[in-house]
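Data block for target35.cif (mmCIF, C-alpha atoms):
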```
data_work
#
loop_
_atom_site.group_PDB
_atom_site.id
_atom_site.type_symbol
_atom_site.label_atom_id
_atom_site.label_comp_id
_atom_site.auth_asym_id
_atom_site.auth_seq_id
_atom_site.Cartn_x
_atom_site.Cartn_y
_atom_site.Cartn_z
ATOM 1 C CA MET A 10 177.966 208.354 138.357
ATOM 2 C CA GLY A 11 175.793 210.300 135.962
ATOM 3 C CA THR A 12 175.240 213.890 134.977
ATOM 4 C CA SER A 13 172.336 215.957 136.174
ATOM 5 C CA SER A 14 170.520 215.548 132.847
ATOM 6 C CA GLU A 15 171.122 211.788 132.840
ATOM 7 C CA HIS A 16 169.580 211.510 136.293
ATOM 8 C CA GLN A 17 166.632 213.627 135.155
ATOM 9 C CA GLU A 18 166.136 211.347 132.164
ATOM 10 C CA LYS A 19 166.135 208.252 134.386
ATOM 11 C CA ALA A 20 163.771 209.911 136.846
ATOM 12 C CA THR A 21 161.378 210.729 134.011
ATOM 13 C CA ARG A 22 161.498 207.128 132.792
ATOM 14 C CA HIS A 23 160.831 205.822 136.324
ATOM 15 C CA LEU A 24 157.885 208.196 136.682
ATOM 16 C CA THR A 25 156.496 207.066 133.329
ATOM 17 C CA PHE A 26 156.808 203.445 134.420
ATOM 18 C CA LEU A 27 155.274 204.264 137.814
ATOM 19 C CA ALA A 28 152.135 205.504 136.066
ATOM 20 C CA THR A 29 151.705 202.106 134.380
ATOM 21 C CA ILE A 30 151.894 199.909 137.505
ATOM 22 C CA PRO A 31 148.488 198.467 138.394
ATOM 23 C CA ASP A 32 146.952 198.825 141.858
ATOM 24 C CA GLU A 33 147.457 195.166 142.635
ATOM 25 C CA PHE A 34 151.212 195.735 143.114
ATOM 26 C CA PRO A 35 151.599 198.364 145.873
ATOM 27 C CA GLU A 36 155.050 196.992 146.752
ATOM 28 C CA TRP A 37 156.237 197.774 143.218
ATOM 29 C CA LEU A 38 154.545 201.176 143.255
ATOM 30 C CA ALA A 39 156.485 201.945 146.468
ATOM 31 C CA THR A 40 159.722 200.596 145.022
ATOM 32 C CA VAL A 41 159.546 202.485 141.722
ATOM 33 C CA ALA A 42 158.453 205.668 143.538
ATOM 34 C CA PHE A 43 161.560 205.372 145.707
ATOM 35 C CA TYR A 44 163.866 204.832 142.727
ATOM 36 C CA ALA A 45 162.359 207.847 140.983
ATOM 37 C CA ALA A 46 163.213 209.802 144.138
ATOM 38 C CA VAL A 47 166.742 208.343 144.076
ATOM 39 C CA GLU A 48 167.295 209.748 140.579
ATOM 40 C CA LEU A 49 165.836 213.118 141.534
ATOM 41 C CA ILE A 50 168.101 213.341 144.588
ATOM 42 C CA GLU A 51 171.080 212.239 142.491
ATOM 43 C CA LYS A 52 170.226 215.031 140.045
ATOM 44 C CA LEU A 53 170.130 217.531 142.903
ATOM 45 C CA LEU A 54 173.505 216.298 144.196
ATOM 46 C CA ALA A 55 175.069 216.070 140.719
ATOM 47 C CA ASP A 56 174.266 219.765 140.220
ATOM 48 C CA ARG A 57 176.645 220.388 143.163
ATOM 49 C CA GLY A 58 179.252 217.920 141.889
ATOM 50 C CA VAL A 59 178.348 215.345 144.513
ATOM 51 C CA HIS A 60 177.793 211.664 143.712
ATOM 52 C CA SER A 61 176.956 208.721 145.928
ATOM 53 C CA LYS A 62 177.620 205.024 145.608
ATOM 54 C CA SER A 63 175.148 203.640 148.131
ATOM 55 C CA HIS A 64 171.837 204.436 149.775
ATOM 56 C CA PHE A 65 173.702 205.346 152.961
ATOM 57 C CA GLU A 66 176.082 207.692 151.160
ATOM 58 C CA ARG A 67 173.142 209.327 149.386
ATOM 59 C CA LYS A 68 171.245 209.958 152.626
ATOM 60 C CA SER A 69 174.401 211.347 154.248
ATOM 61 C CA ALA A 70 175.090 213.601 151.260
ATOM 62 C CA LEU A 71 171.504 214.834 151.269
ATOM 63 C CA ARG A 72 171.674 215.713 154.973
ATOM 64 C CA THR A 73 175.023 217.455 154.444
ATOM 65 C CA HIS A 74 174.214 219.500 151.337
ATOM 66 C CA PHE A 75 170.444 219.890 151.734
ATOM 67 C CA PRO A 76 169.588 219.782 155.437
ATOM 68 C CA ASP A 77 165.996 220.771 154.660
ATOM 69 C CA ARG A 78 163.832 218.960 157.201
ATOM 70 C CA ALA A 79 160.827 218.317 154.941
ATOM 71 C CA LEU A 80 162.996 217.039 152.087
ATOM 72 C CA ASN A 81 164.884 214.622 154.339
ATOM 73 C CA ARG A 82 161.629 213.471 155.913
ATOM 74 C CA ALA A 83 160.100 212.806 152.488
ATOM 75 C CA TYR A 84 163.113 210.970 151.092
ATOM 76 C CA GLY A 85 163.628 209.001 154.328
ATOM 77 C CA ASP A 86 159.997 207.852 154.278
ATOM 78 C CA LEU A 87 160.213 206.725 150.646
ATOM 79 C CA TYR A 88 163.421 204.827 151.417
ATOM 80 C CA ASN A 89 162.211 203.106 154.584
ATOM 81 C CA ALA A 90 158.677 202.304 153.397
ATOM 82 C CA SER A 91 159.908 200.885 150.091
ATOM 83 C CA LEU A 92 162.488 198.803 151.959
ATOM 84 C CA ASP A 93 159.704 197.321 154.077
ATOM 85 C CA ALA A 94 157.547 196.832 150.969
ATOM 86 C CA ARG A 95 160.347 194.839 149.323
ATOM 87 C CA TYR A 96 161.373 192.698 152.284
ATOM 88 C CA GLU A 97 158.237 192.270 154.383
ATOM 89 C CA SER A 98 155.366 189.962 153.488
ATOM 90 C CA VAL A 99 152.557 191.544 151.447
ATOM 91 C CA ASP A 100 150.194 191.769 154.453
ATOM 92 C CA ARG A 101 152.835 193.732 156.419
ATOM 93 C CA SER A 102 153.695 196.110 153.586
ATOM 94 C CA PRO A 103 152.196 199.586 153.144
ATOM 95 C CA THR A 104 148.705 199.421 151.670
ATOM 96 C CA LEU A 105 147.779 200.648 148.212
ATOM 97 C CA GLN A 106 146.087 203.701 149.704
ATOM 98 C CA GLU A 107 149.157 204.546 151.834
ATOM 99 C CA VAL A 108 151.467 204.101 148.876
ATOM 100 C CA ARG A 109 149.386 206.243 146.535
ATOM 101 C CA GLU A 110 148.326 208.959 148.981
ATOM 102 C CA VAL A 111 151.380 209.240 151.241
ATOM 103 C CA LEU A 112 154.382 207.956 149.315
ATOM 104 C CA ILE A 113 153.509 209.067 145.792
ATOM 105 C CA GLN A 114 151.123 212.022 146.069
ATOM 106 C CA ARG A 115 152.794 213.576 149.126
ATOM 107 C CA ARG A 116 156.375 212.372 149.576
ATOM 108 C CA LEU A 117 157.481 211.862 145.977
ATOM 109 C CA HIS A 118 155.640 214.992 144.921
ATOM 110 C CA HIS A 119 157.517 216.956 147.592
ATOM 111 C CA VAL A 120 160.889 215.588 146.442
ATOM 112 C CA ALA A 121 160.083 216.383 142.798
ATOM 113 C CA THR A 122 158.920 219.910 143.620
ATOM 114 C CA TYR A 123 161.976 220.607 145.788
ATOM 115 C CA VAL A 124 164.385 219.301 143.152
ATOM 116 C CA SER A 125 162.643 221.260 140.406
ATOM 117 C CA SER A 126 162.944 224.507 142.361
ATOM 118 C CA HIS A 127 166.548 223.929 143.507
ATOM 119 C CA SER A 128 168.125 222.494 140.375
ATOM 120 C CA GLN A 129 170.813 224.605 138.768
ATOM 121 C CA LYS A 130 170.253 223.342 135.226
ATOM 122 C CA MET B 17 188.005 163.894 173.430
ATOM 123 C CA ALA B 18 187.937 167.647 173.169
ATOM 124 C CA THR B 19 184.838 169.394 174.453
ATOM 125 C CA PHE B 20 183.560 172.777 173.414
ATOM 126 C CA GLU B 21 181.674 175.110 175.637
ATOM 127 C CA VAL B 22 178.992 177.059 173.821
ATOM 128 C CA ASN B 23 178.705 180.601 175.088
ATOM 129 C CA THR B 24 174.943 181.070 174.895
ATOM 130 C CA SER B 25 175.179 184.776 175.693
ATOM 131 C CA GLU B 26 176.923 185.251 172.332
ATOM 132 C CA SER B 27 173.860 183.922 170.486
ATOM 133 C CA ARG B 28 171.631 186.690 171.857
ATOM 134 C CA ALA B 29 171.489 190.441 171.451
ATOM 135 C CA ILE B 30 173.603 192.333 173.965
ATOM 136 C CA GLN B 31 171.358 193.734 176.682
ATOM 137 C CA LEU B 32 172.098 197.073 178.308
ATOM 138 C CA GLN B 33 172.894 197.572 181.942
ATOM 139 C CA LEU B 34 171.101 200.660 183.159
ATOM 140 C CA ASN B 35 172.297 202.949 185.898
ATOM 141 C CA GLY B 36 169.623 205.633 186.094
ATOM 142 C CA PRO B 37 169.732 207.521 182.800
ATOM 143 C CA ASP B 38 173.228 206.167 182.105
ATOM 144 C CA ILE B 39 173.881 203.176 179.894
ATOM 145 C CA ILE B 40 176.690 200.779 180.608
ATOM 146 C CA LEU B 41 177.893 197.938 178.448
ATOM 147 C CA ALA B 42 179.612 195.132 180.335
ATOM 148 C CA ALA B 43 183.310 194.804 179.505
ATOM 149 C CA GLU B 44 182.749 191.446 177.791
ATOM 150 C CA ASP B 45 179.914 192.978 175.736
ATOM 151 C CA VAL B 46 182.127 195.864 174.632
ATOM 152 C CA ASP B 47 184.740 193.311 173.621
ATOM 153 C CA ARG B 48 182.137 191.290 171.692
ATOM 154 C CA PHE B 49 180.779 194.430 169.988
ATOM 155 C CA VAL B 50 184.219 195.653 168.907
ATOM 156 C CA ARG B 51 185.414 192.181 167.865
ATOM 157 C CA ASN B 52 182.396 191.708 165.559
ATOM 158 C CA SER B 53 182.111 195.238 164.139
ATOM 159 C CA PRO B 54 184.407 195.743 161.135
ATOM 160 C CA TRP B 55 183.320 199.371 160.817
ATOM 161 C CA VAL B 56 184.415 200.110 164.372
ATOM 162 C CA THR B 57 187.811 198.436 164.064
ATOM 163 C CA SER B 58 188.543 200.022 160.686
ATOM 164 C CA THR B 59 187.405 203.493 161.758
ATOM 165 C CA TYR B 60 189.068 203.504 165.186
ATOM 166 C CA SER B 61 192.367 201.645 164.879
ATOM 167 C CA ASN B 62 193.990 203.745 167.602
ATOM 168 C CA VAL B 63 193.311 202.408 171.116
ATOM 169 C CA LEU B 64 192.683 205.873 172.550
ATOM 170 C CA GLU B 65 190.261 206.789 169.744
ATOM 171 C CA LEU B 66 188.481 203.472 170.166
ATOM 172 C CA GLY B 67 188.105 204.029 173.903
ATOM 173 C CA ASN B 68 186.747 207.506 173.286
ATOM 174 C CA PHE B 69 184.316 206.195 170.679
ATOM 175 C CA ILE B 70 183.011 203.475 173.001
ATOM 176 C CA GLN B 71 182.493 206.005 175.767
ATOM 177 C CA ARG B 72 180.608 208.405 173.462
ATOM 178 C CA PHE B 73 178.710 205.548 171.806
ATOM 179 C CA GLN B 74 177.235 204.596 175.167
ATOM 180 C CA ALA B 75 176.817 208.067 176.665
ATOM 181 C CA GLU B 76 175.535 209.854 173.552
ATOM 182 C CA PHE B 77 174.354 207.532 170.784
ATOM 183 C CA LEU B 78 172.680 204.752 172.764
ATOM 184 C CA VAL B 79 171.263 207.182 175.327
ATOM 185 C CA ALA B 80 169.735 209.346 172.574
ATOM 186 C CA LEU B 81 168.193 206.317 170.860
ATOM 187 C CA ARG B 82 166.804 204.965 174.112
ATOM 188 C CA GLN B 83 165.354 208.303 175.160
ATOM 189 C CA TRP B 84 163.716 208.710 171.771
ATOM 190 C CA CYS B 85 162.136 205.245 172.021
ATOM 191 C CA ALA B 86 160.866 206.039 175.508
ATOM 192 C CA GLN B 87 159.321 209.237 174.132
ATOM 193 C CA TYR B 88 157.499 207.195 171.491
ATOM 194 C CA GLN B 89 156.822 204.161 173.673
ATOM 195 C CA GLN B 90 153.167 204.074 172.571
ATOM 196 C CA ARG B 91 154.351 203.224 169.073
ATOM 197 C CA VAL B 92 157.756 201.599 169.678
ATOM 198 C CA ARG B 93 158.267 198.076 170.966
ATOM 199 C CA ALA B 94 162.039 197.585 170.742
ATOM 200 C CA GLY B 95 165.267 198.977 169.327
ATOM 201 C CA PHE B 96 168.474 197.353 168.091
ATOM 202 C CA VAL B 97 171.872 198.497 166.868
ATOM 203 C CA PRO B 98 173.391 195.753 164.705
ATOM 204 C CA PHE B 99 177.143 195.310 165.009
ATOM 205 C CA PRO B 100 178.172 197.719 162.226
ATOM 206 C CA SER B 101 179.922 196.247 159.216
ATOM 207 C CA GLN B 102 179.936 199.322 156.956
ATOM 208 C CA HIS B 103 178.130 202.060 158.867
ATOM 209 C CA LEU B 104 176.087 202.678 161.994
ATOM 210 C CA GLN B 105 172.464 201.603 161.848
ATOM 211 C CA ALA B 106 169.626 201.352 164.313
ATOM 212 C CA PHE B 107 166.371 199.476 163.837
ATOM 213 C CA VAL B 108 163.229 200.576 165.621
ATOM 214 C CA VAL B 109 160.639 197.810 165.897
ATOM 215 C CA SER B 110 157.213 199.428 165.974
ATOM 216 C CA ARG B 111 154.170 198.067 167.800
ATOM 217 C CA SER B 112 152.356 198.026 164.476
ATOM 218 C CA LYS B 113 152.226 194.952 162.270
ATOM 219 C CA THR B 114 152.641 197.193 159.236
ATOM 220 C CA TYR B 115 154.826 200.192 158.403
ATOM 221 C CA ASP B 116 153.930 202.964 160.850
ATOM 222 C CA PHE B 117 153.686 206.236 158.910
ATOM 223 C CA GLU B 118 153.231 208.146 162.180
ATOM 224 C CA LEU B 119 156.844 207.303 163.062
ATOM 225 C CA SER B 120 158.335 208.432 159.737
ATOM 226 C CA ASP B 121 158.859 212.109 160.535
ATOM 227 C CA PRO B 122 160.093 211.562 164.113
ATOM 228 C CA ILE B 123 162.618 208.997 162.846
ATOM 229 C CA ALA B 124 163.862 211.360 160.113
ATOM 230 C CA ASP B 125 164.192 214.117 162.711
ATOM 231 C CA LEU B 126 166.089 211.802 165.075
ATOM 232 C CA GLU B 127 168.444 210.841 162.264
ATOM 233 C CA MET B 128 169.054 214.526 161.511
ATOM 234 C CA ALA B 129 169.539 215.420 165.188
ATOM 235 C CA LEU B 130 172.117 212.645 165.598
ATOM 236 C CA PHE B 131 173.837 213.716 162.375
ATOM 237 C CA GLU B 132 174.144 217.274 163.651
ATOM 238 C CA LYS B 133 175.837 215.884 166.780
ATOM 239 C CA GLY B 134 178.361 213.949 164.712
ATOM 240 C CA TRP B 135 176.582 210.596 164.508
ATOM 241 C CA ASN B 136 176.159 209.640 160.866
ATOM 242 C CA ALA B 137 173.763 206.759 161.309
ATOM 243 C CA GLU B 138 170.820 205.236 159.503
ATOM 244 C CA ILE B 139 167.682 204.794 161.606
ATOM 245 C CA LEU B 140 165.057 202.496 160.147
ATOM 246 C CA GLN B 141 161.705 201.258 161.353
ATOM 247 C CA ILE B 142 160.422 197.755 160.814
ATOM 248 C CA PRO B 143 157.013 196.388 161.786
ATOM 249 C CA LEU B 144 156.538 193.965 164.648
ATOM 250 C CA SER B 145 157.037 190.593 163.032
ATOM 251 C CA SER B 146 158.667 187.226 163.537
ATOM 252 C CA PRO B 147 162.412 186.802 164.203
ATOM 253 C CA GLU B 148 162.639 185.275 160.720
ATOM 254 C CA SER B 149 161.191 188.420 159.154
ATOM 255 C CA ARG B 150 163.460 190.656 161.201
ATOM 256 C CA ARG B 151 166.416 188.673 159.895
ATOM 257 C CA HIS B 152 165.788 190.206 156.455
ATOM 258 C CA PHE B 153 167.044 193.448 157.984
ATOM 259 C CA PHE B 154 169.584 192.478 160.647
ATOM 260 C CA ASP B 155 170.856 189.614 162.747
ATOM 261 C CA GLU B 156 169.455 190.043 166.240
ATOM 262 C CA SER B 157 172.174 187.837 167.733
ATOM 263 C CA GLU B 158 174.750 190.275 166.350
ATOM 264 C CA SER B 159 173.263 193.418 167.825
ATOM 265 C CA ILE B 160 172.782 195.573 170.907
ATOM 266 C CA GLN B 161 169.195 195.838 172.089
ATOM 267 C CA PHE B 162 168.948 199.387 173.394
ATOM 268 C CA TYR B 163 165.216 199.439 174.095
ATOM 269 C CA GLY B 164 162.386 197.077 174.952
ATOM 270 C CA ASP B 165 162.106 193.538 176.214
ATOM 271 C CA VAL B 166 163.309 190.461 174.427
ATOM 272 C CA LEU B 167 160.914 189.959 171.499
#
```
Is it possible to give me this structure as structure tokens?
Amino acid sequence: MGTSSEHQEKATRHLTFLATIPDEFPEWLATVAFYAAVELIEKLLADRGVHSKSHFERKSALRTHFPDRALNRAYGDLYNASLDARYESVDRSPTLQEVREVLIQRRLHHVATYVSSHSQK
Amino acid sequence: MATFEVNTSESRAIQLQLNGPDIILAAEDVDRFVRNSPWVTSTYSNVLELGNFIQRFQAEFLVALRQWCAQYQQRVRAGFVPFPSQHLQAFVVSRSKTYDFELSDPIADLEMALFEKGWNAEILQIPLSSPESRRHFFDESESIQFYGDVL
């Protein structure tokens, strides 16, 4: 359980690391993008005094406190696609183009923008 | 010498019995589901509450999942609800051999719609793959198949 600023710090570190991952590892790009989103969502929740201990709790808390359709769509996609990227074989995982264009440039960007505009601190 | 009878039906996913739009689980399947679902037994320890949950689970949750899959039948091959250990989950097996981004928003919306009706469940998609690959996500033999043919 961290503070809002601690989650922001971790998110920033994840985003810095994300920028260093080469194209040959789309599964790791998807995974780190998701964990950056996790920290951003935790920051959003921490601002409201809410903390989660599991992915399921986090998704439930997000739906409860921020029932914004686009935000839940974006976070849900990052979660599910990164799960598949981690557990499916490489040829069944999202492609580099899908990861960069959909997960990072669209979904993660949406989460980051939403959190930035709704954070209390 | 003692002999043991292997109940082969217990090594497969529970299949639904359909009565028009209604979904019915056989009594022995309900028993198997409850017996192997720690989340159900810990959440509904009262017999009346459990009975009410099972009724709603069939009439609301499974029906909603099945109807959604039918709506997206062009992209969805099968659907499973694993016997819940910690929370309710459903897995949608797409017709695609890779993650289907076209299903992402509809799945998120389904999850939200169920949540608003009191069903706090996680709905996940997985690509069409081998039983071994699917086992990374859930045990098919410990699940209810609510949509599609046996894979």
Counting all atoms listed in the file, what are the residues of chain B within 9 Å of chain A, and for each of them which pair of atoms is the nearest and at what distance in Å, to one decimal? Sort the table by chain and rising number, as JSON lines.
```
{"residue": "B:His103", "atom": "CA", "partner": "A:Phe65", "partner_atom": "CA", "distance": 8.1}
{"residue": "B:Lys113", "atom": "CA", "partner": "A:Arg101", "partner_atom": "CA", "distance": 6.0}
{"residue": "B:Thr114", "atom": "CA", "partner": "A:Arg101", "partner_atom": "CA", "distance": 4.5}
{"residue": "B:Tyr115", "atom": "CA", "partner": "A:Pro103", "partner_atom": "CA", "distance": 5.9}
{"residue": "B:Asp116", "atom": "CA", "partner": "A:Pro103", "partner_atom": "CA", "distance": 8.6}
{"residue": "B:Phe117", "atom": "CA", "partner": "A:Asp86", "partner_atom": "CA", "distance": 8.0}
{"residue": "B:Ser120", "atom": "CA", "partner": "A:Asp86", "partner_atom": "CA", "distance": 5.7}
{"residue": "B:Asp121", "atom": "CA", "partner": "A:Arg82", "partner_atom": "CA", "distance": 5.6}
{"residue": "B:Pro122", "atom": "CA", "partner": "A:Arg82", "partner_atom": "CA", "distance": 8.6}
{"residue": "B:Ile123", "atom": "CA", "partner": "A:Arg82", "partner_atom": "CA", "distance": 8.3}
{"residue": "B:Ala124", "atom": "CA", "partner": "A:Arg82", "partner_atom": "CA", "distance": 5.2}
{"residue": "B:Asp125", "atom": "CA", "partner": "A:Arg82", "partner_atom": "CA", "distance": 7.3}
{"residue": "B:Met128", "atom": "CA", "partner": "A:Arg72", "partner_atom": "CA", "distance": 7.1}
{"residue": "B:Phe131", "atom": "CA", "partner": "A:Arg72", "partner_atom": "CA", "distance": 8.0}
{"residue": "B:Asn136", "atom": "CA", "partner": "A:Ser69", "partner_atom": "CA", "distance": 7.1}
{"residue": "B:Ala137", "atom": "CA", "partner": "A:Ser69", "partner_atom": "CA", "distance": 8.4}
{"residue": "B:Glu138", "atom": "CA", "partner": "A:Phe65", "partner_atom": "CA", "distance": 7.1}
{"residue": "B:Leu140", "atom": "CA", "partner": "A:Asn89", "partner_atom": "CA", "distance": 6.3}
{"residue": "B:Gln141", "atom": "CA", "partner": "A:Asn89", "partner_atom": "CA", "distance": 7.0}
{"residue": "B:Ile142", "atom": "CA", "partner": "A:Asp93", "partner_atom": "CA", "distance": 6.8}
{"residue": "B:Pro143", "atom": "CA", "partner": "A:Arg101", "partner_atom": "CA", "distance": 7.3}
{"residue": "B:Ser145", "atom": "CA", "partner": "A:Arg101", "partner_atom": "CA", "distance": 8.4}
{"residue": "B:Ser149", "atom": "CA", "partner": "A:Glu97", "partner_atom": "CA", "distance": 6.8}
{"residue": "B:Arg150", "atom": "CA", "partner": "A:Glu97", "partner_atom": "CA", "distance": 8.7}
{"residue": "B:His152", "atom": "CA", "partner": "A:Tyr96", "partner_atom": "CA", "distance": 6.6}
{"residue": "B:Phe153", "atom": "CA", "partner": "A:Tyr96", "partner_atom": "CA", "distance": 8.1}
```
For a test of reading the model, state the distance in Å between atom CA of A:Tyr44 and atom CA of A:Ser126, rounded to one decimal.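 Atom CA of A:Ser126 lies 19.7 Å from atom CA of A:Tyr44.
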Mind giving me the straight-line distance from atom CA of A:Val41 to atom CA of A:Ile113 in Å, one decimal?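 Spanning atom CA of A:Val41 to atom CA of A:Ile113 is a straight-line distance of 9.8 Å.
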Rounded to one decimal in Å, what is the spacing between atom CA of A:Val108 and atom CA of A:Glu18?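 About the pair atom CA of A:Val108 and atom CA of A:Glu18: they are 23.4 Å apart.
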Centre and edge lengths of an axis-aligned box around all listed atoms of stretch 62-77 of chain B, with 5 Å added on each side, are to be given in Å to one decimal, as JSON.
```
{"center_x": 184.2, "center_y": 206.1, "center_z": 172.1, "size_x": 29.6, "size_y": 17.4, "size_z": 19.1}
```
Regenerate stretch 81-101 of chain A at the level of N, CA, C and O atoms and dump it as a PDB file, in the frame of the given file.
```
ATOM      1  N   ASN A  81     164.301 215.826 153.741  1.00  0.00           N
ATOM      2  CA  ASN A  81     164.884 214.622 154.339  1.00  0.00           C
ATOM      3  C   ASN A  81     163.812 213.699 154.914  1.00  0.00           C
ATOM      4  O   ASN A  81     163.940 212.482 154.859  1.00  0.00           O
ATOM      5  N   ARG A  82     162.757 214.288 155.436  1.00  0.00           N
ATOM      6  CA  ARG A  82     161.629 213.471 155.913  1.00  0.00           C
ATOM      7  C   ARG A  82     160.998 212.707 154.745  1.00  0.00           C
ATOM      8  O   ARG A  82     160.721 211.512 154.842  1.00  0.00           O
ATOM      9  N   ALA A  83     160.764 213.422 153.645  1.00  0.00           N
ATOM     10  CA  ALA A  83     160.100 212.806 152.488  1.00  0.00           C
ATOM     11  C   ALA A  83     160.955 211.690 151.892  1.00  0.00           C
ATOM     12  O   ALA A  83     160.469 210.575 151.643  1.00  0.00           O
ATOM     13  N   TYR A  84     162.238 211.984 151.698  1.00  0.00           N
ATOM     14  CA  TYR A  84     163.113 210.970 151.092  1.00  0.00           C
ATOM     15  C   TYR A  84     163.300 209.783 152.048  1.00  0.00           C
ATOM     16  O   TYR A  84     163.272 208.625 151.619  1.00  0.00           O
ATOM     17  N   GLY A  85     163.456 210.075 153.342  1.00  0.00           N
ATOM     18  CA  GLY A  85     163.628 209.001 154.328  1.00  0.00           C
ATOM     19  C   GLY A  85     162.422 208.083 154.367  1.00  0.00           C
ATOM     20  O   GLY A  85     162.562 206.858 154.481  1.00  0.00           O
ATOM     21  N   ASP A  86     161.225 208.660 154.252  1.00  0.00           N
ATOM     22  CA  ASP A  86     159.997 207.852 154.278  1.00  0.00           C
ATOM     23  C   ASP A  86     159.908 206.956 153.038  1.00  0.00           C
ATOM     24  O   ASP A  86     159.568 205.777 153.133  1.00  0.00           O
ATOM     25  N   LEU A  87     160.229 207.523 151.887  1.00  0.00           N
ATOM     26  CA  LEU A  87     160.213 206.725 150.646  1.00  0.00           C
ATOM     27  C   LEU A  87     161.207 205.563 150.745  1.00  0.00           C
ATOM     28  O   LEU A  87     160.917 204.434 150.346  1.00  0.00           O
ATOM     29  N   TYR A  88     162.386 205.860 151.279  1.00  0.00           N
ATOM     30  CA  TYR A  88     163.421 204.827 151.417  1.00  0.00           C
ATOM     31  C   TYR A  88     162.973 203.713 152.360  1.00  0.00           C
ATOM     32  O   TYR A  88     162.981 202.530 152.009  1.00  0.00           O
ATOM     33  N   ASN A  89     162.554 204.103 153.567  1.00  0.00           N
ATOM     34  CA  ASN A  89     162.211 203.106 154.584  1.00  0.00           C
ATOM     35  C   ASN A  89     160.954 202.316 154.212  1.00  0.00           C
ATOM     36  O   ASN A  89     160.919 201.082 154.313  1.00  0.00           O
ATOM     37  N   ALA A  90     159.928 203.009 153.733  1.00  0.00           N
ATOM     38  CA  ALA A  90     158.677 202.304 153.397  1.00  0.00           C
ATOM     39  C   ALA A  90     158.875 201.357 152.221  1.00  0.00           C
ATOM     40  O   ALA A  90     158.313 200.252 152.194  1.00  0.00           O
ATOM     41  N   SER A  91     159.687 201.771 151.245  1.00  0.00           N
ATOM     42  CA  SER A  91     159.908 200.885 150.091  1.00  0.00           C
ATOM     43  C   SER A  91     160.769 199.691 150.488  1.00  0.00           C
ATOM     44  O   SER A  91     160.610 198.591 149.964  1.00  0.00           O
ATOM     45  N   LEU A  92     161.676 199.915 151.449  1.00  0.00           N
ATOM     46  CA  LEU A  92     162.488 198.803 151.959  1.00  0.00           C
ATOM     47  C   LEU A  92     161.574 197.763 152.613  1.00  0.00           C
ATOM     48  O   LEU A  92     161.698 196.556 152.369  1.00  0.00           O
ATOM     49  N   ASP A  93     160.652 198.229 153.440  1.00  0.00           N
ATOM     50  CA  ASP A  93     159.704 197.321 154.077  1.00  0.00           C
ATOM     51  C   ASP A  93     158.819 196.647 153.027  1.00  0.00           C
ATOM     52  O   ASP A  93     158.517 195.460 153.130  1.00  0.00           O
ATOM     53  N   ALA A  94     158.403 197.408 152.020  1.00  0.00           N
ATOM     54  CA  ALA A  94     157.547 196.832 150.969  1.00  0.00           C
ATOM     55  C   ALA A  94     158.272 195.717 150.228  1.00  0.00           C
ATOM     56  O   ALA A  94     157.658 194.726 149.829  1.00  0.00           O
ATOM     57  N   ARG A  95     159.583 195.857 150.057  1.00  0.00           N
ATOM     58  CA  ARG A  95     160.347 194.839 149.323  1.00  0.00           C
ATOM     59  C   ARG A  95     160.632 193.609 150.175  1.00  0.00           C
ATOM     60  O   ARG A  95     160.638 192.498 149.671  1.00  0.00           O
ATOM     61  N   TYR A  96     160.888 193.818 151.468  1.00  0.00           N
ATOM     62  CA  TYR A  96     161.373 192.698 152.284  1.00  0.00           C
ATOM     63  C   TYR A  96     160.332 192.099 153.224  1.00  0.00           C
ATOM     64  O   TYR A  96     160.525 190.984 153.709  1.00  0.00           O
ATOM     65  N   GLU A  97     159.270 192.828 153.512  1.00  0.00           N
ATOM     66  CA  GLU A  97     158.237 192.270 154.383  1.00  0.00           C
ATOM     67  C   GLU A  97     157.212 191.510 153.535  1.00  0.00           C
ATOM     68  O   GLU A  97     157.127 191.711 152.323  1.00  0.00           O
ATOM     69  N   SER A  98     156.428 190.661 154.200  1.00  0.00           N
ATOM     70  CA  SER A  98     155.366 189.962 153.488  1.00  0.00           C
ATOM     71  C   SER A  98     154.330 190.989 153.020  1.00  0.00           C
ATOM     72  O   SER A  98     154.258 192.110 153.549  1.00  0.00           O
ATOM     73  N   VAL A  99     153.515 190.607 152.052  1.00  0.00           N
ATOM     74  CA  VAL A  99     152.557 191.544 151.447  1.00  0.00           C
ATOM     75  C   VAL A  99     151.614 192.129 152.502  1.00  0.00           C
ATOM     76  O   VAL A  99     151.318 193.332 152.496  1.00  0.00           O
ATOM     77  N   ASP A 100     151.158 191.281 153.453  1.00  0.00           N
ATOM     78  CA  ASP A 100     150.194 191.769 154.453  1.00  0.00           C
ATOM     79  C   ASP A 100     150.832 192.732 155.456  1.00  0.00           C
ATOM     80  O   ASP A 100     150.139 193.410 156.201  1.00  0.00           O
ATOM     81  N   ARG A 101     152.161 192.796 155.507  1.00  0.00           N
ATOM     82  CA  ARG A 101     152.835 193.732 156.419  1.00  0.00           C
ATOM     83  C   ARG A 101     153.375 194.960 155.679  1.00  0.00           C
ATOM     84  O   ARG A 101     153.980 195.840 156.283  1.00  0.00           O
TER      85      ARG A 101
END
```
